[in-house]
>>> print(open('upload-v2.txt').read())   # compact mmCIF, C-alpha atoms and all ligand atoms
# COMPACT_ATOMS: atom_id res chain seq x y z
CA MET A 1 13.16 83.14 161.55
CA ASP A 2 12.70 84.40 165.12
CA ALA A 3 11.06 81.72 167.33
CA GLY A 4 9.00 84.40 169.12
CA GLU A 5 7.63 85.86 165.91
CA PRO A 6 4.01 84.82 165.12
CA ARG A 7 4.12 82.02 162.57
CA TYR A 8 0.62 82.66 161.29
CA TYR A 9 -1.59 85.66 160.58
CA SER A 10 -3.92 85.80 163.55
CA TYR A 11 -7.39 87.29 163.41
CA ALA A 12 -6.40 89.54 166.32
CA ALA A 13 -3.62 90.99 164.15
CA TYR A 14 -6.06 91.35 161.25
CA MET A 15 -8.47 93.26 163.49
CA ARG A 16 -5.66 95.45 164.82
CA ASN A 17 -4.69 96.21 161.21
CA SER A 18 -8.32 97.01 160.34
CA PHE A 19 -9.23 99.03 163.46
CA GLY A 20 -5.93 100.16 164.91
CA GLY A 21 -6.67 98.46 168.25
CA ARG A 22 -8.56 95.74 170.05
CA VAL A 23 -12.18 95.19 169.01
CA GLN A 24 -14.34 92.60 170.77
CA LYS A 25 -16.95 90.48 169.04
CA LEU A 26 -20.28 90.14 170.84
CA SER A 27 -22.25 87.03 169.87
CA ILE A 28 -25.86 87.75 169.01
CA ASP A 29 -28.68 85.27 168.62
CA ALA A 30 -31.21 87.19 166.54
CA GLY A 31 -33.80 84.42 166.65
CA PHE A 32 -33.38 83.23 163.07
CA THR A 33 -33.60 79.61 161.98
CA CYS A 34 -32.09 77.89 158.97
CA PRO A 35 -33.45 76.11 155.88
CA ASN A 36 -31.74 72.92 156.92
CA ARG A 37 -33.78 72.95 160.15
CA ASP A 38 -37.17 74.38 159.26
CA GLY A 39 -38.03 71.76 156.64
CA THR A 40 -37.17 73.82 153.55
CA LEU A 41 -34.15 71.59 152.88
CA SER A 42 -34.49 69.19 155.81
CA THR A 43 -35.48 69.10 159.46
CA SER A 44 -32.47 67.17 160.75
CA GLY A 45 -29.88 69.86 160.06
CA CYS A 46 -26.25 69.41 159.18
CA SER A 47 -25.22 66.15 160.79
CA PHE A 48 -22.75 67.82 163.22
CA CYS A 49 -24.94 70.77 164.26
CA ASN A 50 -26.15 71.51 167.74
CA ASN A 51 -26.35 75.28 167.65
CA ASN A 52 -27.06 75.58 171.37
CA ALA A 53 -23.57 74.26 172.08
CA PHE A 54 -21.93 77.34 170.54
CA ASN A 55 -24.10 80.12 171.94
CA PRO A 56 -22.83 82.16 174.88
CA SER A 57 -25.26 82.15 177.78
CA TYR A 58 -25.71 85.93 177.64
CA CYS A 59 -27.79 85.53 174.45
CA HIS A 60 -30.52 83.63 176.27
CA SER A 61 -33.02 84.40 178.94
CA ASP A 62 -32.22 81.19 180.83
CA SER A 63 -28.54 80.29 180.76
CA GLN A 64 -29.22 76.72 181.88
CA LEU A 65 -31.72 76.04 179.17
CA PRO A 66 -30.93 77.82 175.93
CA GLN A 67 -34.22 78.36 174.19
CA ARG A 68 -35.95 80.68 171.80
CA PRO A 69 -37.24 83.36 171.62
CA VAL A 70 -34.06 85.06 172.61
CA LYS A 71 -33.45 88.27 174.50
CA PRO A 72 -33.83 91.59 172.65
CA ILE A 73 -30.70 92.38 170.66
CA THR A 74 -29.93 95.56 172.60
CA GLN A 75 -30.07 93.61 175.85
CA GLN A 76 -27.77 90.92 174.44
CA ILE A 77 -25.32 93.66 173.50
CA GLU A 78 -25.49 95.22 176.97
CA ASP A 79 -25.04 91.84 178.65
CA GLY A 80 -22.23 90.91 176.24
CA ILE A 81 -20.40 94.17 176.97
CA ALA A 82 -20.75 93.61 180.74
CA PHE A 83 -19.44 90.05 180.32
CA HIS A 84 -16.44 91.07 178.22
CA GLN A 85 -15.56 94.13 180.31
CA TRP A 86 -15.32 91.84 183.30
CA ARG A 87 -13.10 89.36 181.41
CA TYR A 88 -11.08 91.74 179.21
CA ARG A 89 -10.83 95.11 180.87
CA LYS A 90 -9.29 96.69 177.78
CA ALA A 91 -12.34 95.94 175.58
CA ARG A 92 -14.00 99.25 174.63
CA ARG A 93 -15.07 98.77 171.01
CA TYR A 94 -17.42 96.08 169.80
CA LEU A 95 -18.72 94.28 166.77
CA ALA A 96 -22.11 92.57 166.91
CA TYR A 97 -21.58 89.05 165.65
CA PHE A 98 -24.81 87.53 164.34
CA GLN A 99 -23.72 83.99 165.04
CA SER A 100 -26.60 81.58 165.60
CA TYR A 101 -28.20 79.71 162.74
CA SER A 102 -28.46 81.53 159.36
CA ASN A 103 -28.54 85.26 159.87
CA THR A 104 -29.70 86.23 156.39
CA TYR A 105 -32.57 83.74 156.40
CA ALA A 106 -35.52 86.13 156.77
CA PRO A 107 -37.26 88.84 154.72
CA LEU A 108 -35.02 91.83 154.09
CA SER A 109 -37.23 94.07 156.24
CA VAL A 110 -36.63 91.77 159.24
CA LEU A 111 -32.89 91.67 158.59
CA GLN A 112 -32.81 95.45 158.41
CA ARG A 113 -34.54 95.81 161.79
CA ARG A 114 -32.20 93.31 163.48
CA TYR A 115 -28.94 94.63 162.03
CA GLU A 116 -29.83 98.27 162.47
CA GLU A 117 -30.85 97.73 166.09
CA ALA A 118 -27.35 96.39 166.74
CA LEU A 119 -25.69 99.22 164.81
CA SER A 120 -27.67 101.82 166.75
CA HIS A 121 -25.80 100.90 169.96
CA PRO A 122 -23.19 103.62 170.60
CA LEU A 123 -20.35 101.15 171.35
CA VAL A 124 -21.03 98.89 168.36
CA GLU A 125 -18.82 99.79 165.39
CA GLY A 126 -19.98 97.14 162.99
CA ILE A 127 -21.62 93.79 162.38
CA ILE A 128 -20.43 90.38 161.30
CA ILE A 129 -23.11 88.24 159.68
CA GLY A 130 -22.73 84.47 159.96
CA THR A 131 -24.82 82.58 157.45
CA ARG A 132 -25.14 79.73 154.97
CA PRO A 133 -23.79 80.33 151.47
CA ASP A 134 -27.20 79.48 149.97
CA CYS A 135 -28.95 82.16 152.07
CA VAL A 136 -27.56 85.26 150.34
CA ASP A 137 -28.50 86.99 147.11
CA ASP A 138 -27.79 90.26 145.35
CA ARG A 139 -30.55 92.09 147.22
CA VAL A 140 -29.22 91.22 150.69
CA MET A 141 -25.65 91.83 149.66
CA ASP A 142 -26.52 95.21 148.13
CA TYR A 143 -28.13 96.18 151.43
CA LEU A 144 -25.04 95.06 153.37
CA ALA A 145 -22.86 97.05 150.98
CA ARG A 146 -24.97 100.15 151.73
CA LEU A 147 -24.53 99.58 155.47
CA ALA A 148 -20.80 99.18 154.88
CA GLU A 149 -20.59 102.76 153.64
CA HIS A 150 -20.87 103.85 157.29
CA HIS A 151 -19.98 100.77 159.37
CA TYR A 152 -17.72 97.75 159.38
CA VAL A 153 -19.78 94.96 157.80
CA ALA A 154 -18.33 91.48 157.27
CA VAL A 155 -19.84 88.17 156.23
CA GLU A 156 -18.95 84.71 157.55
CA TYR A 157 -20.02 81.63 155.63
CA GLY A 158 -20.17 78.07 156.84
CA ILE A 159 -18.31 76.32 154.04
CA GLU A 160 -17.37 73.34 156.23
CA SER A 161 -15.78 71.38 153.36
CA CYS A 162 -14.58 72.03 149.81
CA TYR A 163 -15.76 68.58 148.71
CA ASP A 164 -19.28 67.94 147.44
CA ALA A 165 -19.18 64.28 148.52
CA THR A 166 -18.54 65.38 152.12
CA LEU A 167 -21.18 68.10 152.01
CA SER A 168 -23.69 65.51 150.87
CA LEU A 169 -22.56 63.03 153.54
CA VAL A 170 -23.10 65.57 156.34
CA ASN A 171 -26.49 66.66 154.96
CA ARG A 172 -25.29 70.17 154.38
CA GLY A 173 -27.87 70.88 151.67
CA HIS A 174 -25.63 72.91 149.36
CA ASP A 175 -22.56 72.26 147.27
CA PHE A 176 -19.14 73.89 147.17
CA ALA A 177 -19.96 75.90 144.04
CA THR A 178 -22.65 77.65 146.10
CA SER A 179 -19.99 78.62 148.66
CA CYS A 180 -17.76 80.02 145.92
CA ARG A 181 -20.63 82.08 144.47
CA ALA A 182 -21.55 83.49 147.90
CA ILE A 183 -17.95 84.50 148.59
CA GLU A 184 -17.84 86.24 145.20
CA LEU A 185 -21.03 88.16 146.05
CA ALA A 186 -19.28 89.59 149.11
CA ALA A 187 -15.97 90.20 147.34
CA ARG A 188 -17.61 92.12 144.49
CA ARG A 189 -18.99 94.54 147.06
CA GLY A 190 -15.75 94.85 148.99
CA LEU A 191 -17.17 93.17 152.10
CA PRO A 192 -14.64 91.30 154.25
CA CYS A 193 -15.48 87.64 154.09
CA GLY A 194 -14.64 84.70 156.37
CA ALA A 195 -15.19 80.96 156.07
CA HIS A 196 -15.68 78.14 158.58
CA LEU A 197 -14.11 74.80 157.81
CA ILE A 198 -14.40 71.57 159.79
CA LEU A 199 -11.29 69.39 159.72
CA GLY A 200 -11.91 65.66 160.03
CA LEU A 201 -15.33 65.25 158.46
CA PRO A 202 -16.34 61.68 157.56
CA GLY A 203 -14.68 60.35 154.43
CA GLU A 204 -11.92 62.96 154.22
CA SER A 205 -8.33 61.72 154.35
CA TYR A 206 -5.50 63.65 156.00
CA GLN A 207 -4.17 64.68 152.58
CA ALA A 208 -7.61 65.68 151.33
CA ILE A 209 -7.92 68.05 154.30
CA VAL A 210 -4.49 69.59 153.70
CA ASP A 211 -5.38 69.96 150.00
CA GLU A 212 -8.34 72.13 150.95
CA ALA A 213 -5.89 74.95 151.70
CA ALA A 214 -5.01 75.18 148.00
CA ILE A 215 -8.71 75.38 147.12
CA ILE A 216 -9.33 78.05 149.78
CA ASN A 217 -6.37 80.04 148.44
CA GLN A 218 -8.23 80.52 145.14
CA LEU A 219 -11.09 82.34 146.88
CA PRO A 220 -11.24 86.06 147.79
CA LEU A 221 -11.40 85.31 151.53
CA HIS A 222 -10.09 87.47 154.37
CA SER A 223 -10.25 84.94 157.20
CA VAL A 224 -10.90 81.33 158.12
CA LYS A 225 -12.04 79.53 161.25
CA LEU A 226 -10.95 75.93 161.64
CA HIS A 227 -12.84 73.47 163.81
CA GLN A 228 -12.22 69.86 164.70
CA LEU A 229 -15.18 67.57 164.15
CA GLN A 230 -16.99 67.02 167.44
CA VAL A 231 -19.80 64.55 167.96
CA LEU A 232 -22.40 66.54 169.89
CA LYS A 233 -25.55 65.39 171.63
CA ASP A 234 -28.86 65.72 169.80
CA THR A 235 -27.25 65.66 166.37
CA LEU A 236 -27.74 63.48 163.34
CA LEU A 237 -24.06 62.56 163.58
CA ALA A 238 -24.42 61.29 167.14
CA ARG A 239 -27.37 59.14 166.07
CA GLN A 240 -25.41 57.83 163.06
CA VAL A 241 -22.40 56.95 165.21
CA GLU A 242 -24.60 55.25 167.79
CA ALA A 243 -26.30 53.20 165.06
CA GLY A 244 -22.92 52.24 163.56
CA GLN A 245 -23.86 53.99 160.30
CA THR A 246 -20.78 56.16 160.14
CA ASP A 247 -17.24 55.96 161.33
CA VAL A 248 -15.75 59.15 162.73
CA PRO A 249 -12.15 58.43 163.61
CA GLN A 250 -10.96 60.38 166.61
CA ILE A 251 -8.01 62.65 165.85
CA PRO A 252 -5.70 62.74 168.89
CA LEU A 253 -4.57 66.25 169.77
CA PRO A 254 -0.91 65.90 168.61
CA GLN A 255 -2.12 64.60 165.24
CA TYR A 256 -4.66 67.43 164.99
CA ILE A 257 -1.96 70.02 165.69
CA ALA A 258 0.20 68.43 162.96
CA LEU A 259 -2.76 68.50 160.56
CA VAL A 260 -3.49 72.15 161.31
CA CYS A 261 0.19 73.05 160.82
CA ASP A 262 0.28 71.24 157.47
CA PHE A 263 -2.87 73.12 156.46
CA VAL A 264 -1.48 76.46 157.63
CA GLU A 265 1.79 75.94 155.76
CA HIS A 266 -0.27 75.62 152.57
CA LEU A 267 -2.59 78.56 153.31
CA ARG A 268 -2.17 81.98 151.67
CA PRO A 269 -0.35 84.19 154.19
CA ASP A 270 -2.83 87.08 153.91
CA ILE A 271 -5.79 84.97 155.12
CA ALA A 272 -6.27 85.64 158.83
CA ILE A 273 -6.88 82.60 161.02
CA GLU A 274 -9.50 83.26 163.66
CA ARG A 275 -9.41 79.91 165.40
CA PHE A 276 -7.81 76.51 165.09
CA ALA A 277 -10.41 74.50 166.99
CA GLY A 278 -13.82 74.77 168.57
CA GLU A 279 -14.83 74.24 172.18
CA VAL A 280 -18.23 73.35 173.56
CA PRO A 281 -19.26 72.81 177.18
CA PRO A 282 -18.59 69.15 178.09
CA ARG A 283 -22.32 68.57 178.71
CA TYR A 284 -22.91 68.81 174.95
CA GLN A 285 -20.38 66.09 174.07
CA ALA A 286 -22.10 62.88 172.92
CA LEU A 287 -18.79 61.00 173.28
CA PRO A 288 -17.02 62.75 176.17
CA GLN A 289 -14.24 60.17 176.12
CA ARG A 290 -13.14 61.65 172.78
CA ALA A 291 -12.67 65.19 174.11
CA TRP A 292 -9.02 66.26 174.33
CA ARG A 293 -7.64 66.17 177.86
CA HIS A 294 -4.35 66.86 179.57
CA ASP A 295 -2.51 64.05 181.38
CA ASP A 296 -4.11 65.18 184.66
CA GLY A 297 -7.61 64.75 183.17
CA ARG A 298 -8.44 68.43 182.68
CA TYR A 299 -10.03 69.33 179.36
CA VAL A 300 -7.79 71.11 176.85
CA ARG A 301 -9.14 74.65 176.55
CA ASN A 302 -9.50 76.40 173.25
CA GLU A 303 -7.03 79.16 174.10
CA GLN A 304 -4.37 76.48 174.64
CA ILE A 305 -4.53 75.30 171.02
CA ALA A 306 -3.06 78.38 169.28
CA PRO A 307 0.16 78.29 171.37
CA MET A 308 0.51 74.60 170.48
CA VAL A 309 0.21 75.42 166.76
CA GLN A 310 2.72 78.26 167.15
CA ALA A 311 5.14 75.94 169.00
CA GLU A 312 4.86 73.24 166.34
CA LEU A 313 5.44 75.73 163.51
CA CYS A 314 8.48 77.02 165.41
CA ARG A 315 9.75 73.46 165.89
CA ARG A 316 9.40 72.86 162.14
CA ASN A 317 10.78 76.33 161.38
CA THR A 318 7.87 76.91 159.01
CA ARG A 319 5.01 79.42 158.87
CA GLN A 320 1.73 80.19 157.18
CA GLY A 321 2.18 79.83 153.44
CA SER A 322 5.77 78.55 153.66
CA ALA A 323 4.88 75.49 151.55
CA LEU A 324 3.72 77.80 148.74
CA ILE A 325 7.16 79.32 148.17
S1 LIG B 401 -24.84 74.17 160.94
FE1 LIG B 401 -25.91 76.03 160.34
S2 LIG B 401 -26.83 75.48 158.39
FE2 LIG B 401 -26.35 73.55 159.39
S3 LIG B 401 -28.22 72.98 160.49
FE3 LIG B 401 -26.89 74.11 161.89
S4 LIG B 401 -27.65 76.21 161.76
FE4 LIG B 401 -28.40 75.14 159.95
>>> encode(input="upload-v2.txt", output="structure tokens", more="lines below")
Ligand code: SF4
Amino acid sequence: MDAGEPRYYSYAAYMRNSFGGRVQKLSIDAGFTCPNRDGTLSTSGCSFCNNNAFNPSYCHSDSQLPQRPVKPITQQIEDGIAFHQWRYRKARRYLAYFQSYSNTYAPLSVLQRRYEEALSHPLVEGIIIGTRPDCVDDRVMDYLARLAEHHYVAVEYGIESCYDATLSLVNRGHDFATSCRAIELAARRGLPCGAHLILGLPGESYQAIVDEAAIINQLPLHSVKLHQLQVLKDTLLARQVEAGQTDVPQIPLPQYIALVCDFVEHLRPDIAIERFAGEVPPRYQALPQRAWRHDDGRYVRNEQIAPMVQAELCRRNTRQGSALI
């Protein structure tokens, strides 16, 4: 095996295979909420969730104080394109990524207006809809399938864990069977489907996390995003930790890289990996002492994680799916 050869199937490679070139995702906050916030299931949300921490500033009218209502979608797209063209000069084609909260949690007529506004932008080639697995049904998915006849349309579900005990512990408000059903709804219609997973949730052992790869392999998924568990301000988890009600062991970076590599070795090689970890601005960290830092004190940046995973897989002389052979 060549040490320079990618040891995992990156999302960038998946997008190149799908589009024949670079396509940039533009995060959109369409102003939706979620049933785990609005009182339908709960008002406290998933215990780890602080949605503001993940939103790019160009979605909001005041970058210092993310708040709703958000900017019009067309303006978010224009601002996102300006932001990315400054950072990545080669970016010319875009996908509108409905990222914040649950982007199928509204009447179909509202969803249609929001999605179709994004798709009407001349540089937007498709949409990616991030949502909860319990916020989709046949009607919404049939509509997405109709859109997919003329555009790229993908769905991303927050699965977070394959274990019902964990999902209950983090107040997720749905079980794993619901995630499986939602993925099937997308697969039956030929819609590319991604899943978010958080590694290191309370109560999950190292082996239990690695074993999730085998469960994920059984699902018709196209991509995964992996995140480390972070304790963010203004979350149920931060309050639980402060009150001594839950123990969230910190995973040091070398151990996290080893965990990710073990997971990747057990993951089906055709599932693209979009990210290995999440990054939020330090001001959102409830326990900043737990954030990963270099020896000189600088924070470890997200883009530094993938090369570490690649280096560790090279050191082991393994690759994505090699444990399945
Ligand atoms: S993580 Fe998603 S589903 Fe959970 S509370 Fe936050 S927005 Fe709602």
>>> atom_distance(input="upload-v2.txt", atom1="atom CA of A:Pro281", atom2="atom CA of A:Arg293")
13.4 Å
>>> residues_near_ligand(input="upload-v2.txt", ligand="ligand LIG 401 (chain B)", cutoff="8 Å", atoms="all atoms listed in the file", output="ChimeraX atom specification")
/A:33-37,44-51,100-102,131-132,158,172
>>> closest_residue(input="upload-v2.txt", among="A:Ala53, A:Ala186, A:Cys135, A:Val140", to="A:His174", atoms="all atoms listed in the file")
A:Cys135
>>> atom_distance(input="upload-v2.txt", atom1="atom CA of A:Leu26", atom2="atom CA of A:Leu95")
6.0 Å
>>> closest_residue(input="upload-v2.txt", among="A:Ala148, A:Val280, A:Leu226, A:Ala177", to="A:Gly190", atoms="only C-alpha atoms")
A:Ala148
>>> residues_near_point(input="upload-v2.txt", point="(-33.6, 90.3, 171.6)", cutoff="9 Å", atoms="all atoms listed in the file", output="PDB file with C-alpha atoms, keeping the file's coordinate frame")
ATOM      1  CA  ILE A  28     -25.860  87.750 169.010  1.00  0.00           C
ATOM      2  CA  ASP A  29     -28.680  85.270 168.620  1.00  0.00           C
ATOM      3  CA  ALA A  30     -31.210  87.190 166.540  1.00  0.00           C
ATOM      4  CA  GLY A  31     -33.800  84.420 166.650  1.00  0.00           C
ATOM      5  CA  CYS A  59     -27.790  85.530 174.450  1.00  0.00           C
ATOM      6  CA  HIS A  60     -30.520  83.630 176.270  1.00  0.00           C
ATOM      7  CA  PRO A  69     -37.240  83.360 171.620  1.00  0.00           C
ATOM      8  CA  VAL A  70     -34.060  85.060 172.610  1.00  0.00           C
ATOM      9  CA  LYS A  71     -33.450  88.270 174.500  1.00  0.00           C
ATOM     10  CA  PRO A  72     -33.830  91.590 172.650  1.00  0.00           C
ATOM     11  CA  ILE A  73     -30.700  92.380 170.660  1.00  0.00           C
ATOM     12  CA  THR A  74     -29.930  95.560 172.600  1.00  0.00           C
ATOM     13  CA  GLN A  75     -30.070  93.610 175.850  1.00  0.00           C
ATOM     14  CA  GLN A  76     -27.770  90.920 174.440  1.00  0.00           C
ATOM     15  CA  ARG A 114     -32.200  93.310 163.480  1.00  0.00           C
TER      16      ARG A 114
END
>>> residues_around(input="upload-v2.txt", residues="A:Val309", least_positions_apart="2", cutoff="10 Å", atoms="all atoms listed in the file", output="short mmCIF file (atom, residue, chain, number, x, y, z; two decimals) with C-alpha atoms, keeping the file's coordinate frame")
data_model
loop_
_atom_site.label_atom_id
_atom_site.label_comp_id
_atom_site.auth_asym_id
_atom_site.auth_seq_id
_atom_site.Cartn_x
_atom_site.Cartn_y
_atom_site.Cartn_z
CA ARG A 7 4.12 82.02 162.57
CA TYR A 8 0.62 82.66 161.29
CA PRO A 254 -0.91 65.90 168.61
CA TYR A 256 -4.66 67.43 164.99
CA ILE A 257 -1.96 70.02 165.69
CA ALA A 258 0.20 68.43 162.96
CA LEU A 259 -2.76 68.50 160.56
CA VAL A 260 -3.49 72.15 161.31
CA CYS A 261 0.19 73.05 160.82
CA VAL A 264 -1.48 76.46 157.63
CA PHE A 276 -7.81 76.51 165.09
CA GLN A 304 -4.37 76.48 174.64
CA ILE A 305 -4.53 75.30 171.02
CA ALA A 306 -3.06 78.38 169.28
CA PRO A 307 0.16 78.29 171.37
CA ALA A 311 5.14 75.94 169.00
CA GLU A 312 4.86 73.24 166.34
CA LEU A 313 5.44 75.73 163.51
CA CYS A 314 8.48 77.02 165.41
CA ARG A 315 9.75 73.46 165.89
#
>>> closest_residue(input="upload-v2.txt", among="A:Val23, A:Leu253, A:Met141, A:Ala286", to="A:Arg188", atoms="all atoms listed in the file")
A:Met141
>>> closest_residue(input="upload-v2.txt", among="A:Asp134, A:Ser27, A:Arg22, A:Phe32", to="A:Tyr97", atoms="all atoms listed in the file")
A:Ser27
>>> closest_residue(input="upload-v2.txt", among="A:Asp296, A:Glu156, A:Glu204, A:Glu184", to="A:Val170", atoms="all atoms listed in the file")
A:Glu204
>>> closest_residue(input="upload-v2.txt", among="A:Asn52, A:Asn103, A:Thr166, A:Ser10", to="A:Asp234", atoms="only C-alpha atoms")
A:Asn52
>>> atom_distance(input="upload-v2.txt", atom1="atom CA of A:His222", atom2="atom CA of A:Ala165")
25.6 Å
